[in-house]
file entry_21.txt (compact mmCIF, C-alpha atoms and all ligand atoms)
# COMPACT_ATOMS: atom_id res chain seq x y z
CA MET A 195 2.00 -25.25 -4.83
CA LYS A 196 -0.42 -23.49 -2.45
CA ILE A 197 0.60 -20.27 -0.70
CA LEU A 198 -1.30 -18.52 2.07
CA VAL A 199 -0.83 -14.75 1.93
CA ILE A 200 -1.28 -12.88 5.21
CA ASN A 201 -1.65 -9.17 5.95
CA CYS A 202 -1.99 -8.50 9.68
CA GLY A 203 -3.10 -5.28 11.31
CA SER A 204 -3.21 -4.77 15.05
CA SER A 205 -6.86 -5.88 15.15
CA SER A 206 -7.31 -7.47 11.73
CA LEU A 207 -6.05 -10.35 9.62
CA LYS A 208 -6.52 -10.46 5.86
CA TYR A 209 -5.78 -13.71 4.05
CA GLN A 210 -5.77 -15.24 0.61
CA LEU A 211 -4.96 -18.81 -0.35
CA ILE A 212 -3.43 -18.92 -3.82
CA ASP A 213 -2.83 -21.99 -5.96
CA MET A 214 0.35 -21.04 -7.83
CA ASP A 215 -0.63 -23.42 -10.60
CA GLY A 216 -2.48 -20.80 -12.66
CA GLU A 217 -2.26 -18.27 -9.79
CA LYS A 218 -5.84 -19.05 -8.80
CA VAL A 219 -7.33 -17.58 -5.61
CA LEU A 220 -8.87 -20.54 -3.75
CA CYS A 221 -10.30 -18.44 -0.93
CA LYS A 222 -9.90 -15.08 0.72
CA GLY A 223 -11.18 -13.35 3.79
CA LEU A 224 -10.83 -11.00 6.68
CA CYS A 225 -10.88 -11.38 10.47
CA GLU A 226 -11.90 -8.15 12.17
CA ARG A 227 -11.99 -6.75 15.71
CA ILE A 228 -9.31 -9.12 17.02
CA GLY A 229 -8.78 -8.51 20.74
CA MET A 230 -12.13 -6.69 20.99
CA GLU A 231 -15.74 -7.60 21.50
CA SER A 232 -17.92 -8.80 18.60
CA SER A 233 -15.09 -10.10 16.44
CA MET A 234 -16.06 -11.54 13.05
CA ILE A 235 -14.73 -13.36 10.04
CA THR A 236 -15.70 -12.89 6.41
CA HIS A 237 -14.73 -15.87 4.25
CA GLU A 238 -15.12 -16.13 0.49
CA ALA A 239 -14.66 -19.35 -1.49
CA ASN A 240 -16.46 -21.49 -4.11
CA GLY A 241 -18.63 -18.52 -5.09
CA THR A 242 -19.95 -18.10 -1.54
CA LYS A 243 -19.21 -15.25 0.86
CA ALA A 244 -20.33 -15.20 4.48
CA THR A 245 -19.63 -13.09 7.55
CA THR A 246 -19.93 -14.90 10.87
CA PRO A 247 -19.39 -13.77 14.47
CA ALA A 248 -16.36 -15.24 16.23
CA ILE A 249 -14.32 -14.94 19.41
CA PHE A 250 -10.80 -13.71 18.70
CA PRO A 251 -8.94 -12.77 21.90
CA THR A 252 -5.69 -12.83 19.83
CA HIS A 253 -4.46 -13.43 16.27
CA THR A 254 -3.90 -17.12 17.18
CA GLU A 255 -7.64 -17.81 17.51
CA ALA A 256 -8.24 -15.88 14.30
CA PHE A 257 -5.75 -18.10 12.43
CA ALA A 258 -7.39 -21.21 13.90
CA GLU A 259 -10.77 -20.01 12.59
CA VAL A 260 -9.28 -19.31 9.15
CA VAL A 261 -8.05 -22.93 9.08
CA LYS A 262 -11.53 -24.13 10.06
CA LYS A 263 -13.17 -22.09 7.30
CA MET A 264 -10.69 -23.37 4.70
CA THR A 265 -11.16 -27.02 5.64
CA THR A 266 -14.88 -27.34 6.49
CA GLY A 267 -18.33 -26.18 5.40
CA ALA A 268 -19.43 -24.24 2.31
CA GLY A 269 -16.15 -22.30 2.10
CA LYS A 270 -13.97 -25.42 2.16
CA CYS A 271 -11.13 -25.22 -0.37
CA ILE A 272 -8.56 -27.68 1.00
CA ASN A 273 -8.85 -30.97 2.91
CA ASP A 274 -6.06 -30.32 5.35
CA VAL A 275 -3.60 -27.53 6.26
CA SER A 276 -0.74 -29.81 5.22
CA GLU A 277 -1.73 -28.88 1.63
CA ILE A 278 -0.41 -25.34 2.27
CA ASP A 279 3.24 -25.20 1.22
CA ALA A 280 4.21 -21.82 2.68
CA ILE A 281 2.95 -18.57 4.15
CA GLY A 282 3.86 -15.11 2.83
CA HIS A 283 3.50 -12.22 5.26
CA ARG A 284 3.19 -8.59 4.33
CA VAL A 285 5.53 -6.61 6.59
CA VAL A 286 5.33 -2.84 6.47
CA HIS A 287 8.83 -1.76 7.44
CA GLY A 288 12.06 -3.45 6.47
CA GLY A 289 14.21 -0.45 7.37
CA GLU A 290 17.63 -0.46 5.70
CA LYS A 291 18.15 -4.12 6.68
CA PHE A 292 15.75 -5.77 4.25
CA LYS A 293 16.14 -4.79 0.61
CA SER A 294 14.18 -7.78 -0.67
CA SER A 295 11.83 -10.49 0.60
CA CYS A 296 13.36 -13.14 2.88
CA LEU A 297 12.67 -16.43 4.64
CA ILE A 298 11.52 -15.80 8.21
CA THR A 299 13.90 -17.09 10.90
CA ASP A 300 14.19 -16.25 14.62
CA GLU A 301 16.90 -13.78 13.65
CA VAL A 302 14.59 -12.07 11.14
CA ILE A 303 11.87 -11.76 13.81
CA ASN A 304 14.39 -10.19 16.21
CA THR A 305 15.47 -7.70 13.56
CA LEU A 306 11.82 -6.84 12.87
CA ARG A 307 11.42 -6.18 16.60
CA GLU A 308 14.41 -3.85 16.49
CA LEU A 309 12.76 -2.02 13.58
CA SER A 310 9.43 -1.60 15.39
CA PRO A 311 10.14 1.96 16.60
CA LEU A 312 10.24 2.98 12.90
CA ALA A 313 6.70 1.66 12.35
CA PRO A 314 5.07 1.48 15.78
CA LEU A 315 1.56 1.08 14.34
CA HIS A 316 2.43 -1.60 11.79
CA ASN A 317 5.45 -3.79 12.53
CA PRO A 318 4.30 -5.07 15.93
CA ALA A 319 1.09 -6.29 14.23
CA GLY A 320 3.16 -8.04 11.56
CA ILE A 321 5.21 -9.77 14.24
CA LEU A 322 2.04 -10.83 16.08
CA GLY A 323 0.79 -12.35 12.83
CA ILE A 324 4.03 -14.23 12.22
CA GLU A 325 4.11 -15.62 15.76
CA ALA A 326 0.44 -16.61 15.73
CA ALA A 327 0.90 -18.32 12.36
CA ARG A 328 3.82 -20.29 13.80
CA LYS A 329 1.61 -21.48 16.66
CA VAL A 330 -1.18 -22.61 14.37
CA PHE A 331 0.76 -23.84 11.32
CA GLY A 332 3.88 -25.23 13.03
CA ASN A 333 7.04 -25.47 10.98
CA ILE A 334 5.68 -24.40 7.63
CA PRO A 335 8.16 -22.11 5.78
CA MET A 336 7.25 -18.44 6.02
CA VAL A 337 8.45 -15.46 4.02
CA ALA A 338 8.38 -11.73 4.82
CA VAL A 339 7.63 -9.32 1.97
CA PHE A 340 8.36 -5.69 2.82
CA ASP A 341 6.46 -2.56 1.78
CA THR A 342 9.72 -0.62 1.85
CA ALA A 343 11.96 -3.03 -0.10
CA PHE A 344 11.21 -1.92 -3.67
CA HIS A 345 12.21 1.64 -2.75
CA SER A 346 15.62 0.61 -1.42
CA THR A 347 17.24 1.61 -4.73
CA MET A 348 16.65 5.33 -4.05
CA PRO A 349 19.88 7.35 -4.01
CA PRO A 350 20.82 9.26 -0.81
CA LYS A 351 20.03 12.61 -2.43
CA ALA A 352 16.41 11.44 -2.71
CA TYR A 353 16.06 9.71 0.65
CA MET A 354 17.91 12.11 2.96
CA TYR A 355 16.15 14.93 4.83
CA ALA A 356 18.00 18.20 5.36
CA ILE A 357 18.19 17.87 9.14
CA PRO A 358 21.42 17.21 11.08
CA TYR A 359 23.02 14.06 9.64
CA GLU A 360 23.39 12.50 13.08
CA TYR A 361 19.62 11.78 13.21
CA TYR A 362 19.97 9.57 10.17
CA GLU A 363 22.90 7.77 11.78
CA LYS A 364 21.42 7.52 15.29
CA TYR A 365 17.73 6.97 14.56
CA GLY A 366 17.46 6.00 10.90
CA VAL A 367 15.54 9.16 10.01
CA ARG A 368 15.30 9.11 6.18
CA ARG A 369 12.73 8.56 3.46
CA TYR A 370 11.88 4.83 3.15
CA GLY A 371 8.72 4.87 1.04
CA PHE A 372 5.84 2.38 1.29
CA HIS A 373 3.38 0.52 -1.01
CA GLY A 374 6.53 -0.94 -2.59
CA THR A 375 4.87 -4.28 -3.33
CA SER A 376 2.13 -2.51 -5.28
CA HIS A 377 4.56 -0.25 -7.19
CA ARG A 378 6.65 -3.34 -8.02
CA TYR A 379 3.66 -5.35 -9.21
CA VAL A 380 2.22 -2.61 -11.44
CA SER A 381 5.60 -1.60 -12.89
CA GLY A 382 6.32 -5.25 -13.72
CA ARG A 383 2.91 -5.55 -15.34
CA MET A 384 3.59 -2.34 -17.29
CA ALA A 385 6.77 -3.90 -18.70
CA GLU A 386 4.78 -6.98 -19.76
CA LEU A 387 2.07 -4.87 -21.39
CA LEU A 388 4.51 -2.64 -23.28
CA GLY A 389 6.90 -5.43 -24.17
CA GLU A 390 9.73 -3.82 -22.20
CA MET A 391 10.23 -1.83 -18.99
CA PRO A 392 9.66 1.85 -19.81
CA HIS A 393 12.85 3.84 -19.37
CA ARG A 394 11.09 6.54 -17.27
CA LEU A 395 7.92 5.47 -15.47
CA ILE A 396 5.73 7.17 -12.86
CA THR A 397 3.40 4.90 -10.88
CA CYS A 398 0.50 6.50 -8.97
CA HIS A 399 -1.01 4.28 -6.26
CA LEU A 400 -4.11 6.15 -5.09
CA GLY A 401 -6.26 4.48 -2.44
CA ASN A 402 -7.02 5.27 1.19
CA GLY A 403 -3.27 5.64 1.44
CA SER A 404 -1.58 7.04 -1.66
CA SER A 405 1.93 7.27 -3.01
CA LEU A 406 3.75 7.92 -6.26
CA ALA A 407 7.04 6.42 -7.39
CA ALA A 408 9.52 7.62 -10.00
CA ILE A 409 11.03 4.52 -11.60
CA LYS A 410 14.04 4.55 -13.94
CA ASP A 411 14.73 1.33 -15.86
CA GLY A 412 12.73 -0.63 -13.29
CA LYS A 413 14.42 0.90 -10.22
CA VAL A 414 12.79 3.39 -7.87
CA VAL A 415 14.67 6.73 -7.77
CA ASP A 416 12.12 8.64 -5.68
CA THR A 417 8.80 8.12 -3.93
CA SER A 418 6.33 10.37 -2.16
CA MET A 419 5.84 8.59 1.16
CA GLY A 420 8.70 9.27 3.52
CA PHE A 421 9.97 8.25 6.93
CA THR A 422 6.39 7.12 7.55
CA PRO A 423 3.34 6.68 5.28
CA LEU A 424 2.16 10.16 6.33
CA ASP A 425 4.21 12.09 3.77
CA GLY A 426 3.44 12.91 0.15
CA ILE A 427 0.08 13.44 -1.49
CA ILE A 428 -3.21 14.17 0.34
CA MET A 429 -4.83 10.85 1.41
CA GLY A 430 -8.13 9.68 2.93
CA THR A 431 -7.30 10.79 6.46
CA ARG A 432 -3.55 11.59 6.25
CA CYS A 433 -2.31 15.08 5.57
CA GLY A 434 0.55 14.32 3.18
CA SER A 435 3.37 16.88 2.96
CA ILE A 436 2.91 19.92 5.18
CA ASP A 437 5.23 22.52 6.61
CA PRO A 438 6.69 20.79 9.70
CA SER A 439 6.32 23.98 11.74
CA ILE A 440 2.55 23.51 11.66
CA VAL A 441 2.97 20.57 14.05
CA SER A 442 4.42 22.51 16.99
CA TYR A 443 2.24 25.55 16.18
CA ILE A 444 -1.05 23.64 16.48
CA ALA A 445 0.27 21.43 19.29
CA ASN A 446 0.94 24.54 21.40
CA LEU A 447 -2.31 26.32 20.60
CA GLU A 448 -4.50 23.25 21.11
CA ASN A 449 -2.43 21.78 23.94
CA LEU A 450 -2.03 18.57 21.96
CA HIS A 451 0.88 16.30 22.64
CA GLU A 452 2.47 13.56 20.55
CA ARG A 453 -0.55 11.26 20.51
CA GLY A 454 -3.02 14.04 19.83
CA MET A 455 -0.95 15.42 16.97
CA ASN A 456 -0.41 11.94 15.50
CA ARG A 457 -4.16 11.39 15.55
CA LEU A 458 -4.84 14.77 13.98
CA LEU A 459 -2.37 14.25 11.13
CA ASN A 460 -3.01 10.52 10.52
CA ASN A 461 -6.73 10.12 11.21
CA GLU A 462 -8.43 13.49 11.00
CA SER A 463 -6.72 15.16 8.04
CA GLY A 464 -6.59 14.54 4.29
CA LEU A 465 -9.81 14.34 2.26
CA LEU A 466 -11.77 13.93 5.51
CA GLY A 467 -10.20 16.90 7.26
CA VAL A 468 -10.55 19.30 4.32
CA SER A 469 -14.03 18.24 3.16
CA GLY A 470 -15.52 17.54 6.58
CA VAL A 471 -17.56 14.92 4.72
CA SER A 472 -15.66 11.65 4.42
CA SER A 473 -12.29 10.03 3.86
CA ASP A 474 -13.83 8.04 1.01
CA PHE A 475 -13.23 9.69 -2.35
CA ARG A 476 -16.59 8.53 -3.71
CA ASP A 477 -18.42 10.35 -0.91
CA VAL A 478 -16.27 13.44 -1.44
CA LEU A 479 -17.08 13.48 -5.18
CA GLU A 480 -20.79 13.01 -4.50
CA ALA A 481 -20.83 15.86 -1.99
CA ALA A 482 -18.91 18.08 -4.43
CA GLU A 483 -21.45 17.33 -7.15
CA ASN A 484 -24.18 18.40 -4.74
CA GLY A 485 -22.51 21.75 -4.28
CA ASN A 486 -20.39 21.16 -1.15
CA GLU A 487 -17.51 23.61 -1.64
CA ARG A 488 -15.13 22.05 0.84
CA ALA A 489 -15.62 18.65 -0.78
CA GLN A 490 -14.83 20.25 -4.15
CA LEU A 491 -11.73 21.84 -2.61
CA ALA A 492 -10.52 18.44 -1.28
CA ALA A 493 -11.01 16.86 -4.72
CA ASP A 494 -9.23 19.79 -6.40
CA MET A 495 -6.33 19.49 -3.95
CA LEU A 496 -5.88 15.82 -4.80
CA GLU A 497 -5.87 16.52 -8.53
CA TYR A 498 -3.53 19.50 -8.19
CA GLN A 499 -1.05 17.69 -5.96
CA LEU A 500 -1.06 14.72 -8.31
CA VAL A 501 -0.24 16.87 -11.33
CA LYS A 502 2.44 18.72 -9.35
CA LEU A 503 4.10 15.51 -8.13
CA ILE A 504 4.01 13.92 -11.59
CA GLY A 505 5.67 17.08 -12.91
CA SER A 506 8.40 16.92 -10.30
CA TYR A 507 9.03 13.23 -11.00
CA ALA A 508 9.14 13.91 -14.74
CA ALA A 509 11.87 16.43 -13.87
CA ALA A 510 13.67 13.91 -11.62
CA LEU A 511 13.57 11.29 -14.39
CA GLY A 512 14.56 13.73 -17.15
CA GLY A 513 11.21 13.17 -18.89
CA VAL A 514 8.56 10.50 -18.74
CA ASP A 515 7.63 7.62 -21.05
CA ALA A 516 4.76 6.08 -19.09
CA ILE A 517 2.42 6.99 -16.24
CA LEU A 518 0.10 4.52 -14.59
CA PHE A 519 -2.78 4.70 -12.15
CA THR A 520 -3.64 2.04 -9.59
CA GLY A 521 -5.38 1.63 -6.19
CA GLY A 522 -9.09 2.16 -5.51
CA ILE A 523 -9.05 5.79 -6.67
CA GLY A 524 -6.57 5.29 -9.52
CA GLU A 525 -8.49 2.32 -10.90
CA ASN A 526 -11.96 3.86 -10.61
CA ALA A 527 -11.94 7.66 -10.60
CA MET A 528 -12.33 8.35 -14.32
CA GLY A 529 -12.98 12.07 -13.90
CA LEU A 530 -9.79 12.54 -11.90
CA ARG A 531 -7.74 10.67 -14.51
CA GLU A 532 -9.26 12.72 -17.33
CA GLN A 533 -8.43 15.99 -15.57
CA VAL A 534 -4.86 14.87 -14.81
CA MET A 535 -4.27 13.87 -18.44
CA HIS A 536 -5.69 17.22 -19.54
CA ASP A 537 -3.31 19.07 -17.22
CA LEU A 538 -0.34 17.05 -18.48
CA ALA A 539 -0.86 18.21 -22.08
CA TYR A 540 2.41 20.17 -21.73
CA LEU A 541 4.21 16.79 -21.54
CA GLY A 542 2.56 15.73 -24.79
CA VAL A 543 -0.13 13.66 -23.05
CA THR A 544 -3.38 13.14 -24.95
CA ALA A 545 -6.31 11.10 -23.68
CA ASP A 546 -8.47 8.36 -25.14
CA LEU A 547 -11.67 9.29 -23.36
CA ALA A 548 -13.57 6.20 -24.52
CA ALA A 549 -10.85 3.95 -23.06
CA ASN A 550 -10.73 6.04 -19.90
CA ASN A 551 -14.44 5.35 -19.40
CA SER A 552 -13.72 2.15 -17.48
CA ARG A 553 -13.24 1.02 -13.90
CA GLY A 554 -10.87 -1.54 -12.47
CA GLU A 555 -9.58 -2.72 -15.84
CA GLU A 556 -6.13 -2.97 -17.32
CA VAL A 557 -6.34 -0.42 -20.12
CA ARG A 558 -4.33 2.18 -22.00
CA ILE A 559 -6.10 5.51 -21.55
CA SER A 560 -3.75 7.81 -23.49
CA GLY A 561 -4.50 8.71 -27.10
CA ALA A 562 -2.77 7.08 -30.06
CA ASP A 563 -0.80 10.32 -30.62
CA SER A 564 0.19 10.75 -26.94
CA LYS A 565 3.92 11.21 -26.30
CA VAL A 566 3.48 9.44 -22.96
CA GLU A 567 1.76 6.08 -22.46
CA VAL A 568 -0.89 6.45 -19.73
CA TRP A 569 -2.40 3.26 -18.31
CA VAL A 570 -4.66 1.93 -15.61
CA VAL A 571 -3.18 -1.22 -14.08
CA PRO A 572 -5.13 -2.75 -11.16
CA THR A 573 -2.74 -3.68 -8.38
CA ASN A 574 -2.35 -7.15 -6.91
CA GLU A 575 -0.06 -7.10 -3.88
CA GLU A 576 -1.18 -10.59 -2.81
CA ILE A 577 0.04 -12.24 -5.99
CA MET A 578 3.39 -10.46 -5.64
CA ILE A 579 3.72 -11.75 -2.05
CA ALA A 580 2.74 -15.26 -3.17
CA ARG A 581 5.27 -15.21 -6.04
CA ASP A 582 8.11 -14.06 -3.77
CA THR A 583 7.17 -16.75 -1.25
CA ALA A 584 7.05 -19.49 -3.88
CA GLU A 585 10.39 -18.32 -5.28
CA LEU A 586 12.12 -18.28 -1.90
CA ILE A 587 10.98 -21.71 -0.75
CA LYS A 588 11.95 -23.41 -4.00
P1 LIG B 1 -6.81 0.86 0.51
O1 LIG B 1 -5.73 1.88 0.41
O2 LIG B 1 -7.46 0.80 1.86
O3 LIG B 1 -6.46 -0.48 -0.09
P2 LIG B 1 -8.41 1.18 -1.90
O4 LIG B 1 -7.22 1.00 -2.77
O5 LIG B 1 -9.47 0.16 -1.93
O6 LIG B 1 -8.00 1.43 -0.40
O7 LIG B 1 -9.04 2.60 -2.28
C1 LIG B 1 -10.13 3.12 -1.60
C2 LIG B 1 -10.50 4.45 -2.24
O8 LIG B 1 -10.92 4.21 -3.59
C3 LIG B 1 -11.62 5.16 -1.52
O9 LIG B 1 -11.31 6.52 -1.35
C4 LIG B 1 -12.76 5.01 -2.51
O10 LIG B 1 -13.68 6.07 -2.43
C5 LIG B 1 -12.04 5.03 -3.83
N1 LIG B 1 -12.92 4.55 -4.89
C6 LIG B 1 -13.45 3.33 -5.04
N2 LIG B 1 -14.31 3.29 -6.08
C7 LIG B 1 -14.34 4.56 -6.59
C8 LIG B 1 -15.04 5.19 -7.67
N3 LIG B 1 -15.89 4.52 -8.42
N4 LIG B 1 -14.80 6.51 -7.90
C9 LIG B 1 -13.94 7.20 -7.13
N5 LIG B 1 -13.27 6.67 -6.10
C10 LIG B 1 -13.45 5.37 -5.83
call {"tool": "encode", "arguments": {"input": "entry_21.txt", "output": "structure tokens"}}
result
Amino acid sequence: MKILVINCGSSSLKYQLIDMDGEKVLCKGLCERIGMESSMITHEANGTKATTPAIFPTHTEAFAEVVKKMTTGAGKCINDVSEIDAIGHRVVHGGEKFKSSCLITDEVINTLRELSPLAPLHNPAGILGIEAARKVFGNIPMVAVFDTAFHSTMPPKAYMYAIPYEYYEKYGVRRYGFHGTSHRYVSGRMAELLGEMPHRLITCHLGNGSSLAAIKDGKVVDTSMGFTPLDGIIMGTRCGSIDPSIVSYIANLENLHERGMNRLLNNESGLLGVSGVSSDFRDVLEAAENGNERAQLAADMLEYQLVKLIGSYAAALGGVDAILFTGGIGENAMGLREQVMHDLAYLGVTADLAANNSRGEEVRISGADSKVEVWVVPTNEEIMIARDTAELIK
């Protein structure tokens, strides 16, 4: 069975074609600058990778080009689109309606439209992708896999905000959590690696966007992203948790309205805003090593907030049996992991520094005598989407 996994942004389309027989990636790629000038496609297959210019007025043309790349030339990996059995779409927000992945019907698309106000930057792009895929691929079965779904097991005491209850009822204002597909993949992998699901597990997904999840017996009980992916730990350009009064305070002083404040908090804050150097953690670390104090401060803030959140989740779970790191930062930033393990000594964590000296590998990095298993588990959201899709169309 061959599954095409799709992740659509408002101007981008990421894809991966997976042969479920052995879960082999046949090709992957990215269409960029859709709806803008100088669009391009990067396609990788058969050991070749090439970026070529293209004209993508909408996602439909981008999908048509993806089909062309998959069926012709050096990147050819199938003879005909009829070989694709189904498409799995990543959808950011499932609200309270979607607690697991589902087959996409007209009704599902309508519900996604109704949910768009909850994720104005993300869900409309997902819908565009679904509709464009329908135009290009016809009646092929399609599945939606939601970033929020894995967190739907949170109890109300964890997902409610202490504002008047009517705003939850009227507008759905509550914590939803995101990155659920990643937290689900890595926690499942953790269970496989340890032989059973750890009773109390904390998963740390640290990338451009970052979130932690507290997972009890395989079910999320709390997570750091909230109503939107802006909440929680400091990220590349997002502020994470701040005192909400700061919003109106700065908005008044700087005469910034909703859009200006959204830009400030989503695109100009986080590692970038504090360091003034970059949103990319590698650049921040390099600048810190060269003596840039604000870069050092941004790196210290990330480490401190991580330790603080892990501590609060250990409290929420009544202790912790396993902690895992994933995402670009979690999988690669050895120094950060070492410092976090050092600061968690009070939980009985010890480190295996030789094992920690690795990037992007599945490895146990806690010492043999550690009371808590600490692991690096590279994430794979695409395979999770493909598995759900295969399961649902069976
Ligand atoms: P996204 O959330 O966009 O999927 P990634 O999960 O790829 O992002 O994570 C990107 C982050 O990972 C960037 O901040 C990048 O600097 C960081 N990263 C990648 N490699 C390293 C490394 N060797 N050391 C520290 N950080 C790294």
call {"tool": "closest_residue", "arguments": {"input": "entry_21.txt", "among": "A:His373, A:Gly454, A:Leu388, A:Ser506", "to": "ligand LIG 1 (chain B)", "atoms": "all atoms listed in the file"}}
result
A:His373
call {"tool": "closest_residue", "arguments": {"input": "entry_21.txt", "among": "A:Tyr540, A:Phe292, A:Phe475, A:Tyr379", "to": "ligand LIG 1 (chain B)", "atoms": "only C-alpha atoms and all ligand atoms"}}
result
A:Phe475
call {"tool": "closest_residue", "arguments": {"input": "entry_21.txt", "among": "A:Leu496, A:Ala584, A:Ile427, A:Leu400", "to": "Ile212 (chain A)", "atoms": "only C-alpha atoms"}}
result
A:Ala584
call {"tool": "residues_near_ligand", "arguments": {"input": "entry_21.txt", "ligand": "ligand LIG 1 (chain B)", "cutoff": "9 Å", "atoms": "only C-alpha atoms and all ligand atoms", "output": "MDAnalysis selection string"}}
result
chainID A and resid 399:404 429:430 465 472:479 520:530 553:554 573
call {"tool": "residues_near_point", "arguments": {"input": "entry_21.txt", "point": "(4.6, 5.0, -3.3)", "cutoff": "8 Å", "atoms": "only C-alpha atoms", "output": "list in words"}}
result
Gly371, Phe372, His373, Gly374, His377, Thr397, Cys398, His399, Ser404, Ser405, Leu406, Ala407, Thr417, Ser418 and Met419 of chain A
call {"tool": "atom_distance", "arguments": {"input": "entry_21.txt", "atom1": "CA of Asp213 (chain A)", "atom2": "CA of Ile298 (chain A)"}}
result
21.1 Å
call {"tool": "closest_residue", "arguments": {"input": "entry_21.txt", "among": "A:Leu306, A:Ser205, A:Glu363, A:Asp494", "to": "Ile428 (chain A)", "atoms": "only C-alpha atoms"}}
result
A:Asp494
call {"tool": "atom_distance", "arguments": {"input": "entry_21.txt", "atom1": "CA of Arg531 (chain A)", "atom2": "CA of Ala492 (chain A)"}}
result
15.6 Å
call {"tool": "closest_residue", "arguments": {"input": "entry_21.txt", "among": "A:Ile303, A:Leu541, A:Ile396, A:Leu220", "to": "Val337 (chain A)", "atoms": "only C-alpha atoms"}}
result
A:Ile303
call {"tool": "residues_around", "arguments": {"input": "entry_21.txt", "residues": "region 243-259 of chain A", "least_positions_apart": "3", "cutoff": "6 Å", "atoms": "all atoms listed in the file", "output": "VMD selection string"}}
result
chain A and resid 228 to 229 233 to 238 262 326
call {"tool": "closest_atom_pairs", "arguments": {"input": "entry_21.txt", "of": "region 389-467 of chain A", "to": "region 343-347 of chain A", "cutoff": "7 Å", "atoms": "all atoms listed in the file", "output": "JSON lines"}}
result
{"residue": "A:Lys413", "atom": "CA", "partner": "A:Thr347", "partner_atom": "CA", "distance": 6.2}
{"residue": "A:Val414", "atom": "CA", "partner": "A:His345", "partner_atom": "CA", "distance": 5.4}
{"residue": "A:Val415", "atom": "CA", "partner": "A:Thr347", "partner_atom": "CA", "distance": 6.5}
